[in-house]
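This is work_27.pdb (PDB, C-alpha atoms and all ligand atoms).
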```pdb
ATOM      1  CA  MET B   1       0.000   0.000   0.000
ATOM      2  CA  THR B   2       1.408   3.391  -0.926
ATOM      3  CA  SER B   3       1.691   6.006   1.744
ATOM      4  CA  THR B   4      -0.913   8.114  -0.056
ATOM      5  CA  THR B   5      -3.444   5.269   0.058
ATOM      6  CA  THR B   6      -2.603   4.705   3.709
ATOM      7  CA  MET B   7      -3.165   8.359   4.437
ATOM      8  CA  ILE B   8      -6.462   8.426   2.603
ATOM      9  CA  THR B   9      -7.587   5.261   4.378
ATOM     10  CA  THR B  10      -6.543   6.681   7.732
ATOM     11  CA  THR B  11      -8.319   9.950   7.060
ATOM     12  CA  PHE B  12     -11.432   8.044   6.089
ATOM     13  CA  LEU B  13     -11.269   5.952   9.254
ATOM     14  CA  ILE B  14     -10.824   9.055  11.378
ATOM     15  CA  PHE B  15     -13.813  10.555   9.600
ATOM     16  CA  LEU B  16     -15.860   7.419  10.366
ATOM     17  CA  PHE B  17     -14.696   7.384  13.954
ATOM     18  CA  ASN B  18     -15.525  11.034  14.546
ATOM     19  CA  SER B  19     -18.903  10.792  12.933
ATOM     20  CA  THR B  20     -19.897   8.020  15.358
ATOM     21  CA  THR B  21     -20.037  10.651  18.072
ATOM     22  CA  VAL B  22     -22.317  12.756  15.912
ATOM     23  CA  ASN B  23     -24.672  10.053  14.690
ATOM     24  CA  SER B  24     -23.828   6.909  16.572
ATOM     25  CA  ALA B  25     -27.038   5.150  15.518
ATOM     26  CA  PHE B  26     -25.704   4.952  11.974
ATOM     27  CA  PHE B  27     -22.882   2.653  13.060
ATOM     28  CA  ILE B  28     -24.878   0.246  15.167
ATOM     29  CA  PRO B  29     -25.286  -2.999  13.196
ATOM     30  CA  LYS B  30     -28.801  -4.410  12.787
ATOM     31  CA  THR B  31     -28.270  -7.332  15.178
ATOM     32  CA  ASP B  32     -27.124  -4.848  17.823
ATOM     33  CA  VAL B  33     -30.153  -2.644  17.147
ATOM     34  CA  ASN B  34     -32.487  -5.576  17.817
ATOM     35  CA  LEU B  35     -30.686  -6.461  21.036
ATOM     36  CA  LEU B  36     -30.649  -2.833  22.202
ATOM     37  CA  GLU B  37     -34.325  -2.162  21.567
ATOM     38  CA  PHE B  38     -35.439  -5.387  23.272
ATOM     39  CA  PRO B  39     -34.783  -4.107  26.834
ATOM     40  CA  LEU B  40     -37.126  -1.165  26.185
ATOM     41  CA  ASN B  41     -39.873  -3.669  27.026
ATOM     42  CA  LEU B  42     -38.524  -3.990  30.577
ATOM     43  CA  GLU B  43     -37.444  -0.358  30.933
ATOM     44  CA  TYR B  44     -41.015   0.781  30.130
ATOM     45  CA  PHE B  45     -42.293  -1.588  32.797
ATOM     46  CA  GLU B  46     -39.824  -0.321  35.388
ATOM     47  CA  ALA B  47     -40.331   3.361  34.541
ATOM     48  CA  GLU B  48     -44.104   3.145  34.858
ATOM     49  CA  TYR B  49     -44.063   0.913  37.923
ATOM     50  CA  PHE B  50     -41.586   3.062  39.856
ATOM     51  CA  LEU B  51     -43.077   6.410  38.776
ATOM     52  CA  PHE B  52     -46.644   5.378  39.577
ATOM     53  CA  GLY B  53     -45.664   3.555  42.767
ATOM     54  CA  SER B  54     -43.828   6.564  44.176
ATOM     55  CA  MET B  55     -45.730   9.534  42.742
ATOM     56  CA  GLY B  56     -49.029   8.264  41.370
ATOM     57  CA  LYS B  57     -48.251   9.453  37.831
ATOM     58  CA  GLY B  58     -46.281   7.969  34.963
ATOM     59  CA  LEU B  59     -44.552   8.790  31.672
ATOM     60  CA  ASP B  60     -47.664  10.439  30.214
ATOM     61  CA  THR B  61     -47.233  13.193  32.799
ATOM     62  CA  ILE B  62     -43.481  13.154  33.302
ATOM     63  CA  GLU B  63     -42.039  12.565  29.820
ATOM     64  CA  PRO B  64     -44.890  11.901  27.350
ATOM     65  CA  SER B  65     -42.614  11.911  24.301
ATOM     66  CA  LEU B  66     -40.930   8.732  25.562
ATOM     67  CA  ALA B  67     -44.257   6.878  25.747
ATOM     68  CA  ALA B  68     -44.577   7.729  22.022
ATOM     69  CA  GLY B  69     -48.345   7.267  22.052
ATOM     70  CA  GLY B  70     -48.336   3.747  23.527
ATOM     71  CA  PRO B  71     -51.389   2.820  25.633
ATOM     72  CA  PRO B  72     -51.336   3.812  29.317
ATOM     73  CA  PRO B  73     -50.540   1.009  31.767
ATOM     74  CA  ILE B  74     -53.467  -0.877  33.290
ATOM     75  CA  GLY B  75     -53.965  -0.635  37.044
ATOM     76  CA  ALA B  76     -50.795   1.298  37.956
ATOM     77  CA  LYS B  77     -51.190   3.498  41.032
ATOM     78  CA  GLN B  78     -49.397   5.131  43.910
ATOM     79  CA  ALA B  79     -48.287   2.676  46.588
ATOM     80  CA  ASN B  80     -48.690   3.275  50.326
ATOM     81  CA  LEU B  81     -45.009   3.956  51.026
ATOM     82  CA  SER B  82     -43.021   5.470  53.905
ATOM     83  CA  LEU B  83     -41.069   8.630  53.037
ATOM     84  CA  HIS B  84     -37.765   6.726  52.907
ATOM     85  CA  ILE B  85     -38.951   4.099  50.407
ATOM     86  CA  LYS B  86     -40.914   6.665  48.402
ATOM     87  CA  ASP B  87     -37.744   8.749  48.061
ATOM     88  CA  ILE B  88     -35.719   5.778  46.787
ATOM     89  CA  ILE B  89     -38.411   4.598  44.369
ATOM     90  CA  THR B  90     -38.851   8.133  43.002
ATOM     91  CA  GLN B  91     -35.129   8.149  42.192
ATOM     92  CA  PHE B  92     -35.451   4.754  40.468
ATOM     93  CA  GLY B  93     -38.416   6.073  38.460
ATOM     94  CA  TYR B  94     -36.469   9.062  37.156
ATOM     95  CA  GLN B  95     -33.448   6.823  36.459
ATOM     96  CA  GLU B  96     -35.651   4.667  34.231
ATOM     97  CA  VAL B  97     -36.777   7.775  32.328
ATOM     98  CA  GLY B  98     -33.095   8.404  31.602
ATOM     99  CA  HIS B  99     -32.594   4.790  30.525
ATOM    100  CA  LEU B 100     -35.494   4.972  28.075
ATOM    101  CA  ARG B 101     -34.084   8.184  26.635
ATOM    102  CA  ALA B 102     -30.560   6.753  26.406
ATOM    103  CA  ILE B 103     -31.735   3.712  24.440
ATOM    104  CA  LYS B 104     -34.016   5.759  22.183
ATOM    105  CA  LYS B 105     -31.214   8.188  21.386
ATOM    106  CA  ARG B 106     -29.300   5.312  19.823
ATOM    107  CA  VAL B 107     -32.008   3.115  18.308
ATOM    108  CA  ARG B 108     -35.465   4.010  17.062
ATOM    109  CA  GLY B 109     -37.187   1.512  19.331
ATOM    110  CA  PHE B 110     -40.960   1.410  19.680
ATOM    111  CA  PRO B 111     -43.778   3.033  21.679
ATOM    112  CA  ARG B 112     -44.689   1.870  25.180
ATOM    113  CA  PRO B 113     -46.288  -1.583  24.976
ATOM    114  CA  LEU B 114     -49.508  -2.353  26.847
ATOM    115  CA  LEU B 115     -48.546  -3.155  30.446
ATOM    116  CA  ASN B 116     -50.733  -4.788  33.055
ATOM    117  CA  LEU B 117     -49.481  -3.374  36.347
ATOM    118  CA  SER B 118     -52.663  -4.122  38.273
ATOM    119  CA  ALA B 119     -52.552  -5.564  41.777
ATOM    120  CA  GLU B 120     -54.184  -8.661  40.243
ATOM    121  CA  ALA B 121     -51.324  -9.144  37.782
ATOM    122  CA  PHE B 122     -48.836  -9.205  40.679
ATOM    123  CA  GLY B 123     -51.221 -11.330  42.751
ATOM    124  CA  THR B 124     -51.241 -13.903  39.947
ATOM    125  CA  VAL B 125     -47.428 -14.063  39.970
ATOM    126  CA  MET B 126     -47.376 -14.641  43.720
ATOM    127  CA  ASN B 127     -50.013 -17.378  43.479
ATOM    128  CA  ALA B 128     -47.934 -19.069  40.791
ATOM    129  CA  ALA B 129     -44.796 -18.710  42.939
ATOM    130  CA  PHE B 130     -46.452 -20.431  45.907
ATOM    131  CA  GLY B 131     -48.397 -22.917  43.812
ATOM    132  CA  MET B 132     -51.622 -21.911  45.570
ATOM    133  CA  PRO B 133     -53.804 -18.823  45.844
ATOM    134  CA  LEU B 134     -52.725 -16.480  48.651
ATOM    135  CA  SER B 135     -55.644 -15.304  50.734
ATOM    136  CA  PRO B 136     -56.273 -12.392  50.664
ATOM    137  CA  PRO B 137     -54.656 -11.864  47.231
ATOM    138  CA  PHE B 138     -51.192 -10.257  47.383
ATOM    139  CA  ASP B 139     -51.415  -6.461  46.948
ATOM    140  CA  PRO B 140     -48.139  -4.892  45.784
ATOM    141  CA  TYR B 141     -49.401  -1.386  46.488
ATOM    142  CA  ALA B 142     -50.404  -2.003  50.147
ATOM    143  CA  ASN B 143     -47.228  -1.045  52.038
ATOM    144  CA  ASP B 144     -43.400  -0.846  51.941
ATOM    145  CA  ILE B 145     -42.778  -4.562  52.306
ATOM    146  CA  ASN B 146     -45.288  -5.633  49.670
ATOM    147  CA  TYR B 147     -44.022  -2.996  47.237
ATOM    148  CA  LEU B 148     -40.367  -3.974  47.765
ATOM    149  CA  ILE B 149     -41.254  -7.628  47.212
ATOM    150  CA  SER B 150     -43.021  -6.662  43.985
ATOM    151  CA  CYS B 151     -39.870  -4.741  42.951
ATOM    152  CA  TYR B 152     -37.977  -8.013  43.340
ATOM    153  CA  VAL B 153     -40.124  -9.450  40.541
ATOM    154  CA  ILE B 154     -38.955  -7.635  37.384
ATOM    155  CA  PRO B 155     -35.854  -5.379  37.570
ATOM    156  CA  TYR B 156     -33.569  -8.352  38.251
ATOM    157  CA  VAL B 157     -34.844  -9.950  35.047
ATOM    158  CA  GLY B 158     -33.724  -6.847  33.147
ATOM    159  CA  LEU B 159     -30.301  -7.101  34.752
ATOM    160  CA  THR B 160     -29.844 -10.718  33.595
ATOM    161  CA  GLY B 161     -30.923  -9.579  30.120
ATOM    162  CA  TYR B 162     -28.114  -7.000  29.930
ATOM    163  CA  VAL B 163     -25.574  -9.560  31.113
ATOM    164  CA  GLY B 164     -26.866 -11.982  28.449
ATOM    165  CA  ALA B 165     -26.900  -9.379  25.651
ATOM    166  CA  ASN B 166     -23.440  -7.915  26.198
ATOM    167  CA  PRO B 167     -21.294 -10.670  24.593
ATOM    168  CA  LYS B 168     -23.574 -10.718  21.533
ATOM    169  CA  LEU B 169     -23.062  -7.013  20.751
ATOM    170  CA  HIS B 170     -20.634  -6.028  18.003
ATOM    171  CA  SER B 171     -20.246  -2.280  18.283
ATOM    172  CA  PRO B 172     -18.397  -0.546  21.134
ATOM    173  CA  VAL B 173     -21.177   2.068  21.123
ATOM    174  CA  SER B 174     -23.708  -0.659  21.958
ATOM    175  CA  ARG B 175     -21.513  -2.269  24.595
ATOM    176  CA  LYS B 176     -20.892   1.067  26.279
ATOM    177  CA  LEU B 177     -24.635   1.722  26.460
ATOM    178  CA  VAL B 178     -25.364  -1.737  27.872
ATOM    179  CA  ALA B 179     -22.568  -1.460  30.454
ATOM    180  CA  GLY B 180     -23.989   1.876  31.577
ATOM    181  CA  LEU B 181     -27.508   0.480  31.852
ATOM    182  CA  LEU B 182     -26.305  -2.689  33.584
ATOM    183  CA  GLY B 183     -24.353  -0.685  36.158
ATOM    184  CA  VAL B 184     -27.378   1.263  37.351
ATOM    185  CA  GLU B 185     -29.807  -1.686  37.062
ATOM    186  CA  SER B 186     -27.470  -3.761  39.246
ATOM    187  CA  GLY B 187     -27.336  -0.893  41.700
ATOM    188  CA  GLN B 188     -31.132  -0.790  41.869
ATOM    189  CA  ASP B 189     -31.229  -4.548  42.377
ATOM    190  CA  ALA B 190     -28.668  -4.258  45.185
ATOM    191  CA  VAL B 191     -30.694  -1.533  46.912
ATOM    192  CA  ILE B 192     -33.948  -3.530  46.632
ATOM    193  CA  ARG B 193     -32.243  -6.689  47.870
ATOM    194  CA  SER B 194     -30.558  -4.899  50.808
ATOM    195  CA  LEU B 195     -33.840  -3.330  51.908
ATOM    196  CA  LEU B 196     -35.487  -6.762  51.711
ATOM    197  CA  TYR B 197     -32.511  -8.446  53.397
ATOM    198  CA  GLU B 198     -32.962  -6.222  56.448
ATOM    199  CA  ARG B 199     -36.538  -7.497  56.591
ATOM    200  CA  ALA B 200     -35.831 -11.106  55.539
ATOM    201  CA  ASN B 201     -37.197 -12.690  58.725
ATOM    202  CA  LYS B 202     -40.277 -10.463  58.933
ATOM    203  CA  LYS B 203     -43.644 -11.991  58.152
ATOM    204  CA  VAL B 204     -45.532 -10.468  55.255
ATOM    205  CA  VAL B 205     -48.898  -9.472  56.765
ATOM    206  CA  PRO B 206     -51.397 -11.154  56.876
ATOM    207  CA  TYR B 207     -49.601 -14.264  55.597
ATOM    208  CA  LYS B 208     -47.482 -16.385  57.867
ATOM    209  CA  ILE B 209     -44.717 -16.272  55.263
ATOM    210  CA  THR B 210     -41.414 -14.407  55.655
ATOM    211  CA  VAL B 211     -39.940 -11.902  53.203
ATOM    212  CA  GLY B 212     -37.042 -14.333  52.657
ATOM    213  CA  LYS B 213     -39.433 -17.112  51.654
ATOM    214  CA  PHE B 214     -41.183 -14.808  49.177
ATOM    215  CA  THR B 215     -37.865 -14.077  47.454
ATOM    216  CA  GLN B 216     -37.004 -17.791  47.263
ATOM    217  CA  LYS B 217     -40.371 -18.662  45.751
ATOM    218  CA  ILE B 218     -40.220 -15.833  43.204
ATOM    219  CA  SER B 219     -36.688 -16.845  42.181
ATOM    220  CA  GLN B 220     -37.727 -20.486  41.819
ATOM    221  CA  LEU B 221     -40.708 -19.467  39.697
ATOM    222  CA  ARG B 222     -38.483 -17.412  37.374
ATOM    223  CA  ASP B 223     -36.072 -20.313  36.912
ATOM    224  CA  LYS B 224     -38.981 -22.647  36.200
ATOM    225  CA  LEU B 225     -40.528 -20.274  33.623
ATOM    226  CA  GLY B 226     -37.160 -19.406  32.044
ATOM    227  CA  LYS B 227     -36.440 -23.118  31.468
ATOM    228  CA  ASP B 228     -32.681 -22.773  31.413
ATOM    229  CA  GLY B 229     -31.371 -23.859  34.773
ATOM    230  CA  LEU B 230     -30.313 -21.931  37.837
ATOM    231  CA  LYS B 231     -30.081 -18.193  37.218
ATOM    232  CA  ASP B 232     -31.950 -16.855  40.179
ATOM    233  CA  GLU B 233     -31.451 -16.983  43.935
ATOM    234  CA  GLY B 234     -33.440 -15.708  46.912
ATOM    235  CA  LEU B 235     -32.023 -13.811  49.886
ATOM    236  CA  LYS B 236     -31.088 -17.034  51.665
ATOM    237  CA  VAL B 237     -29.737 -20.065  49.840
ATOM    238  CA  PRO B 238     -28.497 -23.556  50.654
ATOM    239  CA  ILE B 239     -24.845 -23.114  51.614
ATOM    240  CA  LYS B 240     -23.638 -24.766  48.372
ATOM    241  CA  LEU B 241     -25.137 -21.842  46.425
ATOM    242  CA  GLY B 242     -23.718 -19.109  48.661
ATOM    243  CA  ALA B 243     -20.565 -17.129  47.848
ATOM    244  CA  GLU B 244     -17.620 -19.583  47.795
ATOM    245  CA  LYS B 245     -20.066 -22.257  49.106
ATOM    246  CA  LYS B 246     -19.411 -20.737  52.520
ATOM    247  CA  ILE B 247     -22.483 -18.741  53.498
ATOM    248  CA  GLN B 248     -26.275 -18.899  53.395
ATOM    249  CA  GLY B 249     -26.915 -15.155  53.381
ATOM    250  CA  ASN B 250     -27.305 -14.077  49.754
ATOM    251  CA  VAL B 251     -27.754 -10.328  49.548
ATOM    252  CA  LEU B 252     -26.655 -10.500  45.886
ATOM    253  CA  ALA B 253     -27.268 -13.341  43.435
ATOM    254  CA  GLY B 254     -24.313 -14.775  41.501
ATOM    255  CA  ASP B 255     -22.866 -17.978  40.019
ATOM    256  CA  GLU B 256     -20.092 -20.121  41.561
ATOM    257  CA  ASP B 257     -17.591 -17.306  40.957
ATOM    258  CA  SER B 258     -20.118 -14.686  42.097
ATOM    259  CA  LEU B 259     -20.598 -13.419  38.545
ATOM    260  CA  ALA B 260     -24.060 -12.158  37.547
ATOM    261  CA  TYR B 261     -26.259 -14.644  35.683
ATOM    262  CA  GLY B 262     -27.268 -13.861  32.085
ATOM    263  CA  ARG B 263     -30.541 -14.611  30.306
ATOM    264  CA  THR B 264     -31.576 -14.639  26.640
ATOM    265  CA  PRO B 265     -34.567 -12.662  25.288
ATOM    266  CA  GLN B 266     -36.525 -15.950  24.987
ATOM    267  CA  GLU B 267     -36.001 -16.742  28.666
ATOM    268  CA  ILE B 268     -36.955 -13.198  29.633
ATOM    269  CA  LEU B 269     -40.181 -13.296  27.622
ATOM    270  CA  ARG B 270     -41.143 -16.664  29.130
ATOM    271  CA  ILE B 271     -40.755 -15.092  32.580
ATOM    272  CA  VAL B 272     -42.404 -11.703  32.090
ATOM    273  CA  TYR B 273     -45.330 -13.237  30.158
ATOM    274  CA  GLY B 274     -45.732 -15.638  33.075
ATOM    275  CA  THR B 275     -46.486 -18.429  30.602
ATOM    276  CA  GLY B 276     -43.114 -20.115  30.245
ATOM    277  CA  ASP B 277     -43.535 -19.625  26.480
ATOM    278  CA  GLU B 278     -42.074 -16.750  24.461
ATOM    279  CA  LYS B 279     -44.864 -17.278  21.901
ATOM    280  CA  ALA B 280     -47.665 -16.928  24.470
ATOM    281  CA  PRO B 281     -48.060 -13.370  25.813
ATOM    282  CA  GLY B 282     -49.772 -12.699  29.114
ATOM    283  CA  GLY B 283     -48.978 -11.586  32.627
ATOM    284  CA  PHE B 284     -47.609  -8.044  32.626
ATOM    285  CA  TYR B 285     -47.691  -7.935  28.790
ATOM    286  CA  PRO B 286     -51.231  -8.835  27.682
ATOM    287  CA  LYS B 287     -50.369  -8.203  24.014
ATOM    288  CA  GLY B 288     -46.745  -9.265  24.227
ATOM    289  CA  GLY B 289     -43.547  -7.271  23.941
ATOM    290  CA  ASP B 290     -42.600  -5.039  21.019
ATOM    291  CA  GLY B 291     -39.523  -4.826  18.801
ATOM    292  CA  VAL B 292     -38.058  -7.248  16.262
ATOM    293  CA  ILE B 293     -37.046  -9.967  18.740
ATOM    294  CA  ALA B 294     -40.259 -10.176  20.794
ATOM    295  CA  LYS B 295     -42.445  -9.899  17.680
ATOM    296  CA  SER B 296     -40.529 -12.635  15.855
ATOM    297  CA  TYR B 297     -41.918 -15.143  18.381
ATOM    298  CA  LEU B 298     -45.432 -13.711  18.294
ATOM    299  CA  ARG B 299     -45.790 -14.123  14.543
ATOM    300  CA  ARG B 300     -45.043 -17.832  14.531
TER     301      ARG B 300
HETATM  302  C1  LIG B 401     -54.574  -7.781  34.107
HETATM  303  O1  LIG B 401     -54.192  -8.923  34.835
HETATM  304  C2  LIG B 401     -55.216  -9.513  35.627
HETATM  305  C3  LIG B 401     -54.584 -10.675  36.382
HETATM  306  O2  LIG B 401     -54.024 -11.580  35.528
HETATM  307  C4  LIG B 401     -56.363  -9.942  34.729
HETATM  308  O3  LIG B 401     -57.402 -10.456  35.522
HETATM  309  C5  LIG B 401     -56.855  -8.760  33.927
HETATM  310  O4  LIG B 401     -57.852  -9.190  33.026
HETATM  311  C6  LIG B 401     -55.688  -8.157  33.148
HETATM  312  N1  LIG B 401     -56.169  -6.995  32.410
HETATM  313  C7  LIG B 401     -56.016  -6.882  31.084
HETATM  314  C8  LIG B 401     -56.658  -5.693  30.455
HETATM  315  O5  LIG B 401     -55.378  -7.687  30.419
HETATM  316  C1  LIG B 402     -50.044   2.000  54.806
HETATM  317  O1  LIG B 402     -48.886   1.397  55.365
HETATM  318  C2  LIG B 402     -48.836   1.523  56.774
HETATM  319  C3  LIG B 402     -47.457   1.054  57.252
HETATM  320  O2  LIG B 402     -46.996  -0.063  56.546
HETATM  321  C4  LIG B 402     -49.968   0.714  57.391
HETATM  322  O3  LIG B 402     -49.955   0.806  58.792
HETATM  323  C5  LIG B 402     -51.295   1.275  56.849
HETATM  324  O4  LIG B 402     -52.364   0.475  57.310
HETATM  325  C6  LIG B 402     -51.283   1.286  55.338
HETATM  326  N1  LIG B 402     -52.468   2.004  54.851
HETATM  327  C7  LIG B 402     -53.303   1.461  53.994
HETATM  328  C8  LIG B 402     -54.441   2.324  53.537
HETATM  329  O5  LIG B 402     -53.190   0.305  53.574
END
```
Can the structure in the file be given as structure tokens, please?
Amino acid sequence: MTSTTTMITTTFLIFLFNSTTVNSAFFIPKTDVNLLEFPLNLEYFEAEYFLFGSMGKGLDTIEPSLAAGGPPPIGAKQANLSLHIKDIITQFGYQEVGHLRAIKKRVRGFPRPLLNLSAEAFGTVMNAAFGMPLSPPFDPYANDINYLISCYVIPYVGLTGYVGANPKLHSPVSRKLVAGLLGVESGQDAVIRSLLYERANKKVVPYKITVGKFTQKISQLRDKLGKDGLKDEGLKVPIKLGAEKKIQGNVLAGDEDSLAYGRTPQEILRIVYGTGDEKAPGGFYPKGGDGVIAKSYLRR
């Protein structure tokens, strides 16, 4: 290669490199785009659930452009929270607004899907987790403990999705975005788990079941629905599943080297639909998820 060609090539590469900062979306390959838009399904859920739970209003009031005309969530409302928990959940809600914006700055994405955030939708998950109907039905909006338990249900699933997606991404722009999202999602999971850990031996009123038991049952349900082995752990585990097989307390979930578990989009859909089948919508997503990946299963 002559030095002139080298120089031209280099100049062109520098041009490409610089323009990624101007219009990064242009350089995200299609497979990355599909993997980056997929988590919008969960981020919409989290944004609406945290915003409504803490403040009684959601994206349509706080950042309507991000909802992009999608239908309002069913049954979302303000939870009966202490000032401390309300403060934390409000922060989470605004963080999710940022996450939605960050993803939509880089990929076109899709409007908010229909979400069923009703007390009944959560009650159904709890009944499935215990393999029997709780009486009275579990109400996520009733108090701090119930709301924190309900927060254990979905955000962790999003976290495993980011861990699963990262190695499949080709562009550094995509990986940087996912690392940034994963960092804060893991932080939220750690906060939720610590708050629950402090209450692990408390009974959830009026049931004679502890907070710790709830987390174990929810984790077991997610593994069962996901159908791909152990990727979920409650706040207390058999010692062989604890860090270095040395301890039963399990404030954070992790594999035998204490690395975060990863899940594929199929596994995630099976869990959030509550059906164990990525082709059968339901649960929190009555009409299914949106985006190329989720829709590819719905069409079959
Ligand atoms: C929301 O979920 C509950 C519990 O599964 C269900 O009874 C209700 O019909 C759902 N609402 C819609 C509109 O799908
Ligand atoms: C709200 O939560 C508090 C404390 O957990 C509880 O004492 C109170 O009964 C709850 N109020 C309602 C309306 O459920």
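Distance-wise, atom CA of Val191 of chain B and atom CA of Lys203 of chain B end up 20.1 Å apart.
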Across B:Phe284, B:Gly274, B:Lys231, B:Arg175, the smallest distance to Glu256 of chain B, with all atoms listed in the file counted, is shown by B:Lys231
Query raised in the report: Can you list, as a PyMOL selection string, every protein, DNA or RNA residue that comes within 12 Å of Tyr152 of chain B when you count all atoms listed in the file, leaving out same-chain residues fewer than 3 positions away?
Result: chain B and resi 46+122+125-126+140+145-149+155-159+188-197+211-212+214-219+222+232-235+252-253
(request) Identify which of the residues B:Ala76, B:Val251, B:Leu134, B:Ile239 lies closest to ligand LIG 401 (chain B), counting all atoms listed in the file when measuring atom-to-atom distances. (result)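 Closest candidate: B:Ala76.
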Self-check item: 7 Å shell around ligand LIG 402 (chain B) using all atoms listed in the file, listed as a list in words
Solution: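 The neighbouring residues of ligand LIG 402 (chain B) are, in order, Asn80, Leu81, Ala142, Asn143 and Asp144 of chain B.
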Set the cut-off to 12 Å, count only C-alpha atoms and all ligand atoms, and list whatever residues fall near ligand LIG 401 (chain B) as a PyMOL selection string.
-> chain B and resi 71-76+114-128+137-139+273-275+281-288
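Between Lys279 of chain B and the candidates B:Arg263, B:Lys236, B:Arg299, B:Lys105, the tightest atom-to-atom separation, counting all atoms listed in the file, involves B:Arg299.
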Report the centre and edge lengths, in Å to one decimal, of an axis-aligned box enclosing every atom of segment 268-276 of chain B listed in the file, padded by 4 Å on each side, as AutoDock Vina command-line options.
```
--center_x -41.7 --center_y -15.9 --center_z 30.3 --size_x 17.5 --size_y 16.4 --size_z 13.5
```
message: Since I can't run it myself right now, could you work out what the PyMOL selection byres (((chain B and resi 60) around 12) and not hetatm) selects here and report it as a list in words?
response: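 Output from the PyMOL selection byres (((chain B and resi 60) around 12) and not hetatm), applied to this file: Tyr44, Ala47, Glu48, Leu51, Phe52, Gly56, Lys57, Gly58, Leu59, Thr61, Ile62, Glu63, Pro64, Ser65, Leu66, Ala67, Ala68, Gly69, Gly70, Pro71, Pro72, Pro73, Val97, Pro111 and Arg112 of chain B.
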Could you tell me how far atom CA of Gln78 of chain B sits from atom CA of Met55 of chain B, in Å to one decimal place?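 So the two atoms, atom CA of Met55 of chain B and atom CA of Gln78 of chain B, lie 5.8 Å apart.
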query: Could you state the separation of atom CA of Lys168 of chain B and atom CA of Ile268 of chain B in Å, given to one decimal place?
result: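 Between atom CA of Lys168 of chain B and atom CA of Ile268 of chain B the gap works out to 15.8 Å.
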Choose the residue, out of B:Phe110, B:Tyr141, B:Phe130, B:Tyr207, that has the smallest atom-to-atom separation from Pro39 of chain B; count only C-alpha atoms.
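Once distances to Pro39 of chain B are computed over only C-alpha atoms, the minimum belongs to B:Phe110.
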- Message: Please expand the PyMOL selection byres (((chain B and resi 93) around 6) and not hetatm) into the concrete residues it hits in this file, giving the result as a PyMOL selection string.
- Response: chain B and resi 47+50-51+90-92+94-96
Check which residues satisfy the PyMOL selection byres (((chain B and resi 107) around 10) and not hetatm) in the file shown, then give them as a PDB file with C-alpha atoms, keeping the file's coordinate frame.
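selection.pdb, written as the output of this step:
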```pdb
ATOM      1  CA  SER B  24     -23.828   6.909  16.572  1.00  0.00           C
ATOM      2  CA  ALA B  25     -27.038   5.150  15.518  1.00  0.00           C
ATOM      3  CA  PHE B  26     -25.704   4.952  11.974  1.00  0.00           C
ATOM      4  CA  ILE B  28     -24.878   0.246  15.167  1.00  0.00           C
ATOM      5  CA  LYS B  30     -28.801  -4.410  12.787  1.00  0.00           C
ATOM      6  CA  ASP B  32     -27.124  -4.848  17.823  1.00  0.00           C
ATOM      7  CA  VAL B  33     -30.153  -2.644  17.147  1.00  0.00           C
ATOM      8  CA  ASN B  34     -32.487  -5.576  17.817  1.00  0.00           C
ATOM      9  CA  LEU B  36     -30.649  -2.833  22.202  1.00  0.00           C
ATOM     10  CA  GLU B  37     -34.325  -2.162  21.567  1.00  0.00           C
ATOM     11  CA  ARG B 101     -34.084   8.184  26.635  1.00  0.00           C
ATOM     12  CA  ALA B 102     -30.560   6.753  26.406  1.00  0.00           C
ATOM     13  CA  ILE B 103     -31.735   3.712  24.440  1.00  0.00           C
ATOM     14  CA  LYS B 104     -34.016   5.759  22.183  1.00  0.00           C
ATOM     15  CA  LYS B 105     -31.214   8.188  21.386  1.00  0.00           C
ATOM     16  CA  ARG B 106     -29.300   5.312  19.823  1.00  0.00           C
ATOM     17  CA  ARG B 108     -35.465   4.010  17.062  1.00  0.00           C
ATOM     18  CA  GLY B 109     -37.187   1.512  19.331  1.00  0.00           C
ATOM     19  CA  PHE B 110     -40.960   1.410  19.680  1.00  0.00           C
ATOM     20  CA  SER B 174     -23.708  -0.659  21.958  1.00  0.00           C
TER      21      SER B 174
END
```
Practice task
List every protein, DNA or RNA residue that has an atom no more than 6 Å from (-25.9, -14.2, 34.8) in the file's coordinate frame, counting all atoms listed in the file, and report them as a list of chain:residue names.
Solution key: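 Final list of nearby residues, as requested, is B:Thr160, B:Val163, B:Ala260, B:Tyr261, B:Gly262.
Distances to Asp228 of chain B were evaluated for B:Asn201, B:Asn250, B:Ser82, B:Gln266 using only C-alpha atoms, and the minimum falls at B:Gln266.
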